[in-house]
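J.: Provided herewith: coords-v2.cif, mmCIF, C-alpha atoms and all ligand atoms.
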data_structure
loop_
_atom_site.label_atom_id
_atom_site.label_comp_id
_atom_site.auth_asym_id
_atom_site.auth_seq_id
_atom_site.Cartn_x
_atom_site.Cartn_y
_atom_site.Cartn_z
CA MET A 1 11.08 -142.93 -57.66
CA PRO A 2 11.23 -140.20 -60.27
CA GLU A 3 14.16 -137.82 -59.90
CA THR A 4 13.31 -134.29 -58.75
CA VAL A 5 14.00 -131.16 -60.73
CA LEU A 6 16.32 -130.06 -57.89
CA SER A 7 18.52 -133.16 -57.86
CA ARG A 8 18.84 -132.96 -61.65
CA PHE A 9 19.73 -129.30 -61.46
CA LEU A 10 22.40 -129.92 -58.81
CA ARG A 11 24.00 -132.60 -61.00
CA TYR A 12 24.00 -130.44 -64.15
CA VAL A 13 25.43 -127.24 -62.66
CA LYS A 14 28.54 -129.09 -61.44
CA ILE A 15 29.55 -129.77 -65.03
CA HIS A 16 31.70 -127.02 -66.51
CA THR A 17 30.16 -126.02 -69.83
CA ALA A 18 31.34 -122.48 -70.64
CA SER A 19 31.26 -121.72 -74.36
CA ASP A 20 34.02 -119.76 -76.14
CA SER A 21 33.39 -117.11 -78.77
CA ASP A 22 36.98 -117.36 -80.08
CA SER A 23 36.49 -120.98 -81.12
CA ASN A 24 35.26 -121.86 -84.61
CA THR A 25 33.94 -125.33 -83.79
CA THR A 26 30.39 -126.29 -82.80
CA PRO A 27 30.12 -126.91 -79.90
CA SER A 28 32.68 -124.19 -79.31
CA THR A 29 34.18 -126.12 -76.40
CA GLU A 30 34.82 -129.88 -75.90
CA ARG A 31 33.54 -129.69 -72.33
CA GLN A 32 29.96 -129.06 -73.47
CA TRP A 33 29.96 -132.60 -74.88
CA THR A 34 30.15 -133.99 -71.33
CA LEU A 35 26.72 -132.65 -70.44
CA LEU A 36 25.26 -133.18 -73.92
CA ARG A 37 26.21 -136.90 -73.86
CA MET A 38 24.94 -137.27 -70.33
CA LEU A 39 21.55 -135.80 -71.30
CA ALA A 40 21.39 -138.09 -74.32
CA ASP A 41 21.97 -141.12 -72.06
CA GLU A 42 19.37 -139.94 -69.59
CA LEU A 43 16.76 -139.37 -72.29
CA ARG A 44 17.41 -142.88 -73.60
CA GLU A 45 17.01 -144.34 -70.10
CA LEU A 46 13.76 -142.47 -69.62
CA GLY A 47 12.42 -144.10 -72.75
CA ALA A 48 12.38 -141.15 -75.16
CA SER A 49 12.28 -142.07 -78.88
CA ASP A 50 14.41 -141.05 -81.85
CA MET A 51 17.33 -140.11 -79.61
CA THR A 52 20.14 -138.59 -81.69
CA ILE A 53 23.17 -136.44 -81.08
CA ALA A 54 23.65 -134.53 -84.31
CA LYS A 55 27.26 -133.88 -85.22
CA HIS A 56 27.31 -130.32 -83.94
CA GLY A 57 26.16 -131.38 -80.49
CA TYR A 58 22.39 -131.01 -80.76
CA VAL A 59 20.71 -133.61 -78.57
CA LEU A 60 17.32 -134.40 -80.10
CA ALA A 61 14.63 -136.76 -78.85
CA THR A 62 10.89 -137.33 -79.07
CA ILE A 63 8.29 -137.76 -76.39
CA PRO A 64 5.78 -139.68 -78.51
CA ALA A 65 2.20 -138.52 -78.88
CA THR A 66 -0.46 -139.99 -76.61
CA THR A 67 -3.31 -138.69 -78.77
CA ARG A 68 -4.59 -139.91 -82.10
CA LYS A 69 -5.50 -136.37 -83.12
CA ARG A 70 -3.28 -134.64 -85.63
CA VAL A 71 -1.74 -131.83 -83.64
CA PRO A 72 1.32 -129.61 -84.13
CA VAL A 73 4.72 -130.93 -83.08
CA VAL A 74 5.94 -128.76 -80.19
CA ALA A 75 9.69 -128.46 -79.57
CA LEU A 76 11.22 -127.49 -76.22
CA PHE A 77 14.71 -125.99 -76.11
CA ALA A 78 17.30 -125.35 -73.42
CA HIS A 79 20.98 -124.54 -73.86
CA VAL A 80 23.74 -126.38 -72.00
CA ASP A 81 26.49 -123.75 -72.19
CA THR A 82 27.24 -121.02 -69.65
CA VAL A 83 28.52 -117.56 -70.46
CA PRO A 84 32.29 -117.38 -71.06
CA GLY A 85 32.68 -114.01 -69.27
CA PHE A 86 32.53 -115.37 -65.69
CA SER A 87 33.98 -118.59 -64.27
CA GLY A 88 31.73 -121.62 -64.52
CA GLU A 89 34.38 -124.09 -63.40
CA GLY A 90 34.12 -125.97 -60.11
CA VAL A 91 30.61 -124.72 -59.33
CA LYS A 92 29.64 -125.62 -55.73
CA PRO A 93 25.86 -125.27 -55.55
CA ILE A 94 24.42 -124.49 -52.12
CA ALA A 95 20.77 -125.18 -51.34
CA HIS A 96 19.09 -122.70 -48.99
CA ARG A 97 15.95 -124.52 -47.86
CA LYS A 98 13.03 -122.32 -46.82
CA TRP A 99 15.04 -119.15 -47.30
CA ASN A 100 14.37 -116.74 -44.41
CA GLY A 101 14.70 -113.59 -46.49
CA LYS A 102 18.01 -112.52 -44.96
CA PRO A 103 20.93 -111.52 -47.22
CA ILE A 104 22.80 -114.60 -48.45
CA VAL A 105 26.57 -114.28 -47.90
CA LEU A 106 28.44 -116.53 -50.30
CA PRO A 107 31.09 -118.47 -48.33
CA ASP A 108 33.97 -118.53 -50.83
CA ASP A 109 33.87 -114.74 -51.25
CA PRO A 110 31.98 -113.07 -48.38
CA ALA A 111 32.01 -109.79 -50.32
CA GLN A 112 29.38 -111.40 -52.54
CA VAL A 113 25.99 -110.96 -50.92
CA ILE A 114 22.65 -111.75 -52.55
CA ASP A 115 20.29 -109.29 -50.98
CA MET A 116 16.63 -108.62 -51.64
CA ALA A 117 17.28 -104.90 -51.06
CA LYS A 118 19.14 -105.10 -54.36
CA TYR A 119 16.89 -107.68 -56.04
CA PRO A 120 13.28 -106.83 -55.12
CA GLU A 121 11.84 -109.82 -57.02
CA MET A 122 13.27 -111.95 -54.19
CA LYS A 123 10.43 -110.75 -51.92
CA SER A 124 8.21 -113.37 -53.52
CA GLN A 125 10.77 -116.08 -52.76
CA VAL A 126 10.92 -115.84 -48.96
CA GLY A 127 10.15 -119.29 -47.54
CA LYS A 128 11.05 -121.01 -50.79
CA ASP A 129 14.12 -123.11 -51.57
CA LEU A 130 16.91 -121.27 -53.36
CA VAL A 131 20.14 -122.56 -54.86
CA THR A 132 23.17 -120.30 -55.15
CA ALA A 133 26.81 -120.75 -56.11
CA SER A 134 29.56 -120.25 -53.52
CA GLY A 135 30.88 -116.81 -54.47
CA THR A 136 33.68 -117.38 -56.96
CA THR A 137 31.71 -118.82 -59.88
CA LEU A 138 28.39 -118.33 -61.60
CA LEU A 139 25.74 -120.94 -60.88
CA GLY A 140 24.72 -121.87 -64.39
CA ALA A 141 20.96 -121.70 -63.73
CA ASP A 142 21.09 -120.00 -67.14
CA ASP A 143 20.20 -122.38 -68.59
CA LYS A 144 20.56 -125.57 -66.58
CA SER A 145 17.30 -124.71 -64.85
CA GLY A 146 15.72 -125.00 -68.32
CA VAL A 147 17.51 -128.30 -68.91
CA ALA A 148 16.35 -129.70 -65.55
CA VAL A 149 12.77 -128.52 -66.19
CA ILE A 150 12.59 -130.19 -69.61
CA MET A 151 14.14 -133.45 -68.35
CA THR A 152 11.69 -133.57 -65.44
CA LEU A 153 8.80 -132.92 -67.82
CA ALA A 154 10.07 -135.70 -70.12
CA GLU A 155 10.18 -138.20 -67.27
CA PHE A 156 6.70 -137.22 -66.12
CA LEU A 157 5.07 -137.41 -69.56
CA LEU A 158 6.80 -140.66 -70.51
CA SER A 159 5.43 -142.29 -67.37
CA HIS A 160 1.93 -140.73 -67.64
CA PRO A 161 0.48 -141.81 -70.99
CA GLU A 162 -3.00 -140.82 -69.78
CA ILE A 163 -2.04 -137.16 -70.31
CA GLU A 164 -3.14 -136.30 -73.81
CA HIS A 165 -0.52 -134.55 -75.93
CA GLY A 166 0.93 -134.52 -79.41
CA PRO A 167 4.53 -135.33 -80.37
CA ILE A 168 7.03 -133.30 -78.37
CA ARG A 169 10.58 -132.76 -79.58
CA VAL A 170 13.27 -132.05 -77.04
CA CYS A 171 16.39 -130.15 -78.11
CA PHE A 172 19.42 -129.42 -75.96
CA ASN A 173 21.85 -127.17 -77.76
CA PRO A 174 25.32 -125.71 -77.18
CA ASP A 175 26.64 -122.15 -77.62
CA GLU A 176 23.62 -119.93 -76.93
CA GLU A 177 25.72 -117.51 -74.91
CA ILE A 178 27.97 -116.76 -77.87
CA GLY A 179 25.01 -116.20 -80.17
CA ARG A 180 25.40 -119.38 -82.21
CA GLY A 181 23.03 -121.68 -80.36
CA VAL A 182 20.96 -122.87 -83.29
CA ASP A 183 22.99 -121.83 -86.33
CA LYS A 184 23.81 -125.39 -87.35
CA LEU A 185 20.57 -127.01 -86.26
CA ASP A 186 18.78 -128.75 -89.12
CA LEU A 187 15.16 -127.64 -88.76
CA LYS A 188 13.99 -130.48 -91.02
CA GLU A 189 15.62 -132.97 -88.71
CA LEU A 190 14.01 -131.25 -85.72
CA GLY A 191 10.65 -131.47 -87.48
CA ALA A 192 8.70 -129.13 -85.19
CA ASP A 193 5.78 -126.79 -85.99
CA VAL A 194 6.27 -124.48 -83.04
CA ALA A 195 8.83 -124.22 -80.24
CA TYR A 196 9.63 -122.65 -76.89
CA THR A 197 12.92 -121.93 -75.20
CA LEU A 198 12.95 -122.50 -71.43
CA ASP A 199 15.41 -119.72 -70.70
CA GLY A 200 13.39 -116.99 -68.98
CA GLU A 201 13.40 -115.64 -65.44
CA ASN A 202 10.23 -114.77 -63.60
CA PRO A 203 7.14 -116.97 -63.20
CA GLY A 204 4.48 -115.96 -65.71
CA GLU A 205 6.94 -114.57 -68.22
CA VAL A 206 6.29 -115.26 -71.89
CA ASN A 207 8.86 -113.31 -73.91
CA TRP A 208 7.91 -112.93 -77.53
CA GLU A 209 9.75 -109.74 -78.34
CA THR A 210 13.53 -109.50 -78.38
CA PHE A 211 15.99 -106.89 -79.48
CA SER A 212 16.97 -106.60 -83.09
CA GLY A 213 20.74 -106.46 -83.19
CA ASP A 214 23.45 -105.26 -85.58
CA SER A 215 27.18 -105.19 -85.14
CA ALA A 216 29.32 -102.37 -86.47
CA VAL A 217 33.05 -102.01 -87.05
CA VAL A 218 34.61 -98.59 -87.58
CA THR A 219 38.18 -98.62 -88.93
CA ILE A 220 40.37 -95.53 -89.08
CA ASP A 221 43.66 -95.14 -90.96
CA GLY A 222 45.80 -92.25 -89.80
CA VAL A 223 49.14 -90.88 -90.96
CA SER A 224 52.05 -92.21 -88.94
CA THR A 225 55.23 -90.20 -88.47
CA HIS A 226 57.92 -90.39 -85.83
CA PRO A 227 56.57 -88.51 -82.83
CA GLY A 228 59.92 -86.85 -82.18
CA GLU A 229 60.43 -85.59 -85.66
CA GLY A 230 59.11 -82.22 -84.84
CA ARG A 231 57.40 -81.73 -88.14
CA LYS A 232 54.37 -80.13 -86.69
CA TYR A 233 50.93 -81.15 -87.95
CA LYS A 234 52.17 -84.00 -90.15
CA MET A 235 50.97 -86.80 -87.92
CA VAL A 236 47.31 -87.89 -87.91
CA SER A 237 46.68 -90.30 -85.04
CA ALA A 238 44.01 -92.89 -85.76
CA LEU A 239 43.83 -93.62 -82.04
CA MET A 240 43.03 -90.00 -81.16
CA LEU A 241 40.32 -89.92 -83.83
CA ALA A 242 38.86 -93.14 -82.41
CA ALA A 243 38.73 -91.54 -78.97
CA ARG A 244 36.98 -88.52 -80.49
CA LEU A 245 34.33 -90.81 -81.99
CA LEU A 246 33.71 -92.51 -78.62
CA ALA A 247 33.42 -89.13 -76.93
CA ALA A 248 30.90 -88.00 -79.54
CA LEU A 249 28.53 -90.92 -78.91
CA PRO A 250 25.22 -90.02 -77.28
CA VAL A 251 25.19 -91.25 -73.69
CA GLU A 252 22.08 -90.33 -71.70
CA ASN A 253 19.23 -92.70 -72.68
CA ARG A 254 21.23 -93.96 -75.62
CA SER A 255 24.03 -96.15 -74.22
CA ALA A 256 23.99 -99.63 -72.73
CA GLU A 257 24.69 -98.13 -69.29
CA THR A 258 21.78 -95.68 -69.32
CA THR A 259 18.88 -97.55 -70.90
CA ASP A 260 16.25 -100.09 -69.96
CA ALA A 261 12.80 -101.32 -71.08
CA ARG A 262 12.31 -100.38 -74.73
CA ASP A 263 15.23 -97.99 -75.20
CA GLY A 264 17.88 -99.10 -77.65
CA TYR A 265 21.57 -98.28 -77.63
CA ILE A 266 24.87 -97.99 -79.45
CA HIS A 267 27.45 -99.78 -77.34
CA ALA A 268 31.21 -99.86 -77.96
CA THR A 269 32.46 -103.33 -77.07
CA SER A 270 36.16 -102.92 -77.89
CA MET A 271 38.73 -100.48 -79.19
CA SER A 272 42.24 -101.25 -80.37
CA GLY A 273 44.82 -99.43 -82.40
CA ASN A 274 47.83 -97.16 -82.72
CA VAL A 275 48.74 -94.03 -84.66
CA ALA A 276 48.48 -95.71 -88.04
CA HIS A 277 45.32 -97.74 -87.56
CA ALA A 278 42.45 -98.05 -85.10
CA GLU A 279 39.35 -100.16 -84.89
CA ILE A 280 36.25 -99.80 -82.70
CA ARG A 281 33.64 -102.52 -82.48
CA PHE A 282 30.04 -101.75 -81.59
CA ILE A 283 26.79 -103.51 -81.00
CA LEU A 284 23.56 -101.73 -81.89
CA ARG A 285 20.31 -102.80 -80.28
CA ASN A 286 16.66 -101.80 -80.53
CA HIS A 287 13.30 -103.59 -80.43
CA ASP A 288 12.24 -101.60 -83.49
CA ASN A 289 13.95 -102.26 -86.81
CA ASP A 290 13.48 -98.69 -88.09
CA ARG A 291 14.96 -97.23 -84.94
CA LEU A 292 17.83 -99.69 -85.16
CA LYS A 293 18.52 -98.49 -88.66
CA ALA A 294 18.40 -94.88 -87.44
CA GLN A 295 21.04 -95.74 -84.82
CA GLY A 296 23.26 -97.11 -87.58
CA ASP A 297 22.72 -93.90 -89.55
CA GLN A 298 23.58 -91.87 -86.49
CA LEU A 299 26.86 -93.75 -86.09
CA ARG A 300 27.68 -93.17 -89.76
CA GLY A 301 26.81 -89.49 -89.33
CA LEU A 302 29.16 -89.08 -86.37
CA VAL A 303 31.98 -90.74 -88.34
CA LYS A 304 31.24 -88.47 -91.28
CA GLY A 305 31.51 -85.39 -89.09
CA ILE A 306 34.89 -86.43 -87.67
CA ALA A 307 36.10 -87.41 -91.15
CA ALA A 308 35.14 -83.99 -92.52
CA ALA A 309 37.30 -82.33 -89.89
CA GLU A 310 40.30 -84.53 -90.70
CA PRO A 311 40.34 -85.34 -94.43
CA ARG A 312 43.81 -86.91 -94.28
CA ALA A 313 42.48 -89.88 -92.31
CA LYS A 314 40.48 -92.69 -93.88
CA PHE A 315 37.32 -93.96 -92.20
CA LYS A 316 35.28 -97.06 -92.89
CA VAL A 317 31.99 -98.11 -91.26
CA GLN A 318 30.67 -101.60 -91.71
CA ILE A 319 27.31 -102.57 -90.21
CA THR A 320 26.21 -106.22 -90.22
CA PRO A 321 22.82 -107.57 -89.06
CA SER A 322 23.05 -110.06 -86.17
CA TYR A 323 19.43 -111.00 -85.42
CA ARG A 324 15.93 -109.56 -85.55
CA ASN A 325 13.12 -109.08 -83.04
CA MET A 326 11.05 -112.26 -83.19
CA GLY A 327 7.92 -110.17 -82.55
CA TYR A 328 7.81 -109.16 -86.21
CA TRP A 329 6.93 -112.77 -87.08
CA ILE A 330 5.18 -113.92 -83.88
CA ARG A 331 2.55 -111.19 -84.39
CA GLU A 332 1.36 -113.01 -87.52
CA ASN A 333 -0.18 -115.68 -85.34
CA MET A 334 -0.26 -115.21 -81.58
CA LEU A 335 -1.48 -118.72 -80.75
CA PRO A 336 1.88 -119.88 -79.32
CA VAL A 337 1.80 -116.89 -76.94
CA ASP A 338 -1.92 -117.21 -76.16
CA LEU A 339 -1.61 -120.87 -75.22
CA ALA A 340 1.46 -120.13 -73.08
CA ASP A 341 -0.56 -117.40 -71.31
CA GLU A 342 -3.36 -119.88 -70.72
CA ALA A 343 -0.91 -122.43 -69.32
CA MET A 344 0.47 -119.78 -66.95
CA ARG A 345 -3.03 -118.99 -65.69
CA ALA A 346 -3.82 -122.69 -65.28
CA VAL A 347 -1.04 -122.95 -62.68
CA GLY A 348 -2.11 -119.76 -60.91
CA LEU A 349 0.27 -117.29 -62.53
CA VAL A 350 -0.39 -113.94 -64.15
CA PRO A 351 1.14 -113.98 -67.64
CA THR A 352 3.47 -111.08 -68.48
CA HIS A 353 5.24 -110.18 -71.73
CA PRO A 354 8.33 -108.13 -70.95
CA PRO A 355 10.36 -107.52 -74.09
CA THR A 356 13.76 -109.20 -73.81
CA ARG A 357 16.77 -106.88 -73.91
CA GLY A 358 18.84 -109.26 -75.91
CA GLY A 359 18.50 -111.96 -78.50
CA THR A 360 17.56 -115.53 -77.72
CA ASP A 361 17.98 -118.74 -79.65
CA GLY A 362 14.30 -118.17 -80.39
CA SER A 363 15.12 -114.97 -82.30
CA ARG A 364 17.09 -116.99 -84.82
CA LEU A 365 14.65 -119.88 -84.89
CA THR A 366 11.71 -117.55 -85.44
CA GLU A 367 13.53 -115.75 -88.22
CA ARG A 368 14.22 -119.12 -89.82
CA GLY A 369 10.51 -120.01 -89.72
CA LEU A 370 10.05 -121.79 -86.38
CA HIS A 371 8.16 -119.46 -84.03
CA THR A 372 9.83 -119.73 -80.61
CA PRO A 373 8.74 -117.60 -77.62
CA ASN A 374 10.70 -117.89 -74.37
CA LEU A 375 9.25 -119.16 -71.08
CA PHE A 376 10.43 -118.85 -67.47
CA ALA A 377 12.50 -121.64 -65.97
CA GLY A 378 13.32 -120.36 -62.46
CA GLY A 379 16.85 -118.95 -62.86
CA HIS A 380 17.74 -115.38 -61.81
CA ASN A 381 20.66 -112.88 -62.00
CA SER A 382 22.38 -114.64 -64.90
CA HIS A 383 26.03 -114.34 -65.80
CA GLY A 384 27.56 -113.50 -62.42
CA PRO A 385 28.24 -114.69 -58.86
CA HIS A 386 24.76 -113.61 -57.65
CA GLU A 387 23.00 -116.04 -59.93
CA TYR A 388 20.46 -118.27 -58.18
CA ALA A 389 17.59 -120.59 -58.91
CA CYS A 390 14.28 -120.96 -57.09
CA VAL A 391 13.27 -124.62 -56.75
CA GLN A 392 9.52 -124.00 -56.50
CA GLU A 393 9.68 -121.87 -59.66
CA MET A 394 11.41 -124.68 -61.55
CA GLU A 395 8.68 -127.05 -60.33
CA LEU A 396 6.05 -124.54 -61.43
CA SER A 397 7.66 -124.35 -64.85
CA VAL A 398 7.29 -128.14 -65.19
CA LYS A 399 3.61 -127.92 -64.21
CA MET A 400 3.02 -125.07 -66.63
CA LEU A 401 4.53 -127.14 -69.46
CA ILE A 402 2.28 -130.09 -68.62
CA GLU A 403 -0.67 -127.73 -69.12
CA LEU A 404 0.82 -126.22 -72.26
CA VAL A 405 1.32 -129.51 -74.14
CA GLN A 406 -2.29 -130.45 -73.38
CA LEU A 407 -3.54 -127.06 -74.57
CA TRP A 408 -1.81 -127.61 -77.92
CA THR A 409 -3.77 -130.84 -78.25
CA LYS A 410 -7.06 -129.18 -77.36
CA LYS A 411 -6.69 -125.91 -79.25
CA GLY A 412 -3.74 -126.10 -81.62
CA ALA A 413 -4.93 -128.41 -84.40
CA ASN A 414 -5.36 -125.59 -86.93
CA TYR A 415 -2.05 -123.90 -86.25
CA LYS A 416 -0.13 -123.46 -89.48
CA LYS A 417 3.59 -123.17 -89.42
CA ARG A 418 5.01 -120.39 -91.54
CA THR A 419 6.35 -121.97 -94.68
CA LYS A 420 8.00 -119.06 -96.39
CA ARG A 421 10.94 -117.18 -95.02
CA LYS A 422 10.47 -113.43 -94.96
ZN ZN A 501 20.22 -118.46 -71.37
#
Rewrite the structure of this file - the entire thing - as structure tokens.
Ligand SMILES: [Zn+2]

T.:
Amino acid sequence: MPETVLSRFLRYVKIHTASDSDSNTTPSTERQWTLLRMLADELRELGASDMTIAKHGYVLATIPATTRKRVPVVALFAHVDTVPGFSGEGVKPIAHRKWNGKPIVLPDDPAQVIDMAKYPEMKSQVGKDLVTASGTTLLGADDKSGVAVIMTLAEFLLSHPEIEHGPIRVCFNPDEEIGRGVDKLDLKELGADVAYTLDGENPGEVNWETFSGDSAVVTIDGVSTHPGEGRKYKMVSALMLAARLLAALPVENRSAETTDARDGYIHATSMSGNVAHAEIRFILRNHDNDRLKAQGDQLRGLVKGIAAAEPRAKFKVQITPSYRNMGYWIRENMLPVDLADEAMRAVGLVPTHPPTRGGTDGSRLTERGLHTPNLFAGGHNSHGPHEYACVQEMELSVKMLIELVQLWTKKGANYKKRTKRK
């Protein structure tokens, strides 16, 4: 009997795999190895070929082609880590079979209620099977739903050679949540022509636009004197100047708290300091590279204004690119998106293309030359106690992928991978 996507999912979410942005190793945490090794063993047992665990924790394997045609190699990605900001330890998944639509009170913290009044997309899930955590942890559907979907697909394809498809590469990677998911992945070793991450939410979703992101650090050096010295107007407090900068930031429609859809933002992530020295860290986000640059200019302009009013202090602004909107490259050849749309329709879904308000592993991969849109995998409300997965949506994701790999065989033969990096 093949294992179901649900039983796989329930096994995977119990393994604690939070990543850690303060660590310099890859994977950033030892505990991610537990799941990575387990997946490697399972792929081997299922009969996948070329199984390797690369030294930085990338689990790679091949589902061999069943066609003689020369068709592009399609890679499928899911990440094993969970976000470090909320506990992922001791996850107790609870299955709610045929959910009746009533608010779900999580038993370990009854203040945590998953309610469709708050999450309207749940209306389409009444009568379906949901899995939640128990109230004190996240669930880890982000992205263990993607892992379970890909493993279930692998088992199905390996036992159904009559389904015609080209070579499929599977990649399970660590550290997506800390923005380093594919940094050390050797794309030659992966050997794919096109890829998809299974890390999206709603059925039908094909995300091929992400934010472009920069990080910025503003440092301020003040003039420190003893506060009791009474020499009026000698002290210049770096901390007070930092506060002035924060207060000067545009808020309405320009901050992380007040934007959605295609609006970008300047978001202060941390501030530290004292009279002598202060530092504020920011992230800047926009789907449009020119607008992102304008946001950086705006930040510099605000600093300039405050600096002009207090020439005794020293200001420094450093802006560093983090990642770029994959749409800039995907637009060159929309076939990976078109075929995903067609696969969605083939399983009765309406394809949608909401731009992602964030980066994905696919942003980096696309920038590096491997075009990688993101597809839904059935997880919802990531990164907190209200996270849940819908079993029928995970099953639908598997079905959609079965269609997609066949479509690449039928229609993808002429797809050319980008060879030059822009
Ligand atoms: Zn994810």

J.: Compute the set of protein, DNA and RNA residues whose minimum atom distance to ligand ZN 501 (chain A) is at most 6 Å, using only C-alpha atoms and all ligand atoms, and state it as a list in words.

T.: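 The residues near ligand ZN 501 (chain A) are Asp142, Asp143 and Asp199 of chain A.
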
J.: Can you pull out the residues contacting Leu407 of chain A? Cut-off 7 Å, using only C-alpha atoms, and skip same-chain residues under 4 positions away; I want them as a short mmCIF file (atom, residue, chain, number, x, y, z; two decimals) with C-alpha atoms, keeping the file's coordinate frame.

T.:
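Generated output (around-v3.cif):
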data_model
loop_
_atom_site.label_atom_id
_atom_site.label_comp_id
_atom_site.auth_asym_id
_atom_site.auth_seq_id
_atom_site.Cartn_x
_atom_site.Cartn_y
_atom_site.Cartn_z
CA LEU A 339 -1.61 -120.87 -75.22
CA GLU A 403 -0.67 -127.73 -69.12
CA LYS A 411 -6.69 -125.91 -79.25
#

J.: Pick from A:Val80, A:Gly378, A:Ile330, A:Gly222: nearest to Lys234 of chain A, with all atoms listed in the file counted?

T.: A:Gly222

J.: For segment 78-183 of chain A against segment 53-65 of chain A, with a cut-off of 12 Å and counting only C-alpha atoms, what is the closest atom pair and its distance in Å to one decimal for every residue that makes the cut, ordered by chain and number, as CSV?

T.:
residue,atom,partner,partner_atom,distance
A:Ala78,CA,A:Val59,CA,10.3
A:His79,CA,A:Tyr58,CA,9.6
A:Val80,CA,A:Tyr58,CA,10.0
A:Asp81,CA,A:Gly57,CA,11.3
A:Val147,CA,A:Val59,CA,11.5
A:Ile150,CA,A:Ile63,CA,11.0
A:Met151,CA,A:Ile63,CA,10.8
A:Leu153,CA,A:Ile63,CA,9.9
A:Ala154,CA,A:Ile63,CA,6.8
A:Glu155,CA,A:Ile63,CA,9.3
A:Phe156,CA,A:Ile63,CA,10.4
A:Leu157,CA,A:Ile63,CA,7.6
A:Leu158,CA,A:Ile63,CA,6.7
A:Ser159,CA,A:Ile63,CA,10.5
A:His160,CA,A:Ile63,CA,11.2
A:Pro161,CA,A:Ala65,CA,8.7
A:Glu162,CA,A:Ala65,CA,10.7
A:Ile163,CA,A:Ala65,CA,9.7
A:Glu164,CA,A:Ala65,CA,7.7
A:His165,CA,A:Ala65,CA,5.6
A:Gly166,CA,A:Ala65,CA,4.2
A:Pro167,CA,A:Ala65,CA,4.2
A:Ile168,CA,A:Ile63,CA,5.0
A:Arg169,CA,A:Thr62,CA,4.6
A:Val170,CA,A:Ala61,CA,5.2
A:Cys171,CA,A:Leu60,CA,4.8
A:Phe172,CA,A:Val59,CA,5.1
A:Asn173,CA,A:Tyr58,CA,4.9
A:Pro174,CA,A:Gly57,CA,6.6
A:Asp175,CA,A:Gly57,CA,9.7
A:Glu176,CA,A:Tyr58,CA,11.8
A:Arg180,CA,A:His56,CA,11.2
A:Gly181,CA,A:Tyr58,CA,9.4
A:Val182,CA,A:Tyr58,CA,8.6
A:Asp183,CA,A:His56,CA,9.8

J.: Give me, as a list in words, all polymer residues having an atom no more than 8 Å from Lys69 of chain A, counting all atoms listed in the file and skipping those fewer than 2 positions away in the same chain.

T.: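 Counting all atoms listed in the file, the residues come to Thr67, Val71, Gly166 and Thr409 of chain A.
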
J.: Counting all atoms listed in the file, figure out which residue out of A:Trp208, A:Tyr12, A:Phe315, A:Tyr323 gets nearest to Ala242 of chain A.

T.: A:Phe315

J.: Kindly indicate which residue among A:Leu36, A:Leu401, A:Leu130, A:Val217 lies nearest to Ala389 of chain A, using only C-alpha atoms for the distances.

T.: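 Among the listed residues, A:Leu130 lies closest to Ala389 of chain A.
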
J.: Neighbouring residues of Ile178 of chain A were defined as those with any atom within 10 Å, considering only C-alpha atoms; residues of the same chain fewer than 5 positions away were excluded. Please report them as a VMD selection string.

T.: chain A and resid 18 to 22 28 81 to 84

J.: Atoms to include: C-alpha atoms. Write the selected residues as a compact mmCIF listing (two decimals), in the coordinates of the input.

T.:
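Dumped everything to part15.txt:
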# COMPACT_ATOMS: atom_id res chain seq x y z
CA ALA A 18 31.34 -122.48 -70.64
CA SER A 19 31.26 -121.72 -74.36
CA ASP A 20 34.02 -119.76 -76.14
CA SER A 21 33.39 -117.11 -78.77
CA ASP A 22 36.98 -117.36 -80.08
CA SER A 28 32.68 -124.19 -79.31
CA ASP A 81 26.49 -123.75 -72.19
CA THR A 82 27.24 -121.02 -69.65
CA VAL A 83 28.52 -117.56 -70.46
CA PRO A 84 32.29 -117.38 -71.06

J.: How many Å lie between atom CA of Thr4 of chain A and atom CA of Leu76 of chain A, rounded to one decimal?

T.: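 For atom CA of Thr4 of chain A relative to atom CA of Leu76 of chain A, the distance reads 18.9 Å.
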
J.: Quick one: of A:Ala307, A:His380, A:Leu404, A:Phe9, who's nearest to Pro120 of chain A, counting all atoms listed in the file?

T.: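 Among the listed residues, the smallest separation from Pro120 of chain A belongs to A:His380.
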
J.: Which residues, written as a PDB file with C-alpha atoms, keeping the file's coordinate frame, have at least one atom at most 12 Å from Glu121 of chain A, with all atoms listed in the file counted and residues fewer than 6 positions away on the same chain left out?

T.:
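Full text of selection_29.pdb as output:
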ATOM      1  CA  GLY A 101      14.700-113.590 -46.490  1.00  0.00           C
ATOM      2  CA  ILE A 114      22.650-111.750 -52.550  1.00  0.00           C
ATOM      3  CA  ASP A 115      20.290-109.290 -50.980  1.00  0.00           C
ATOM      4  CA  GLU A 201      13.400-115.640 -65.440  1.00  0.00           C
ATOM      5  CA  ASN A 202      10.230-114.770 -63.600  1.00  0.00           C
ATOM      6  CA  PRO A 203       7.140-116.970 -63.200  1.00  0.00           C
ATOM      7  CA  GLY A 378      13.320-120.360 -62.460  1.00  0.00           C
ATOM      8  CA  GLY A 379      16.850-118.950 -62.860  1.00  0.00           C
ATOM      9  CA  HIS A 380      17.740-115.380 -61.810  1.00  0.00           C
ATOM     10  CA  ASN A 381      20.660-112.880 -62.000  1.00  0.00           C
ATOM     11  CA  CYS A 390      14.280-120.960 -57.090  1.00  0.00           C
TER      12      CYS A 390
END

J.: Neighbouring residues of Pro354 of chain A were defined as those with any atom within 10 Å, considering all atoms listed in the file; residues of the same chain fewer than 2 positions away were excluded. Please report them as an MDAnalysis selection string.

T.: chainID A and resid 205:210 261:262 351:352 356:357
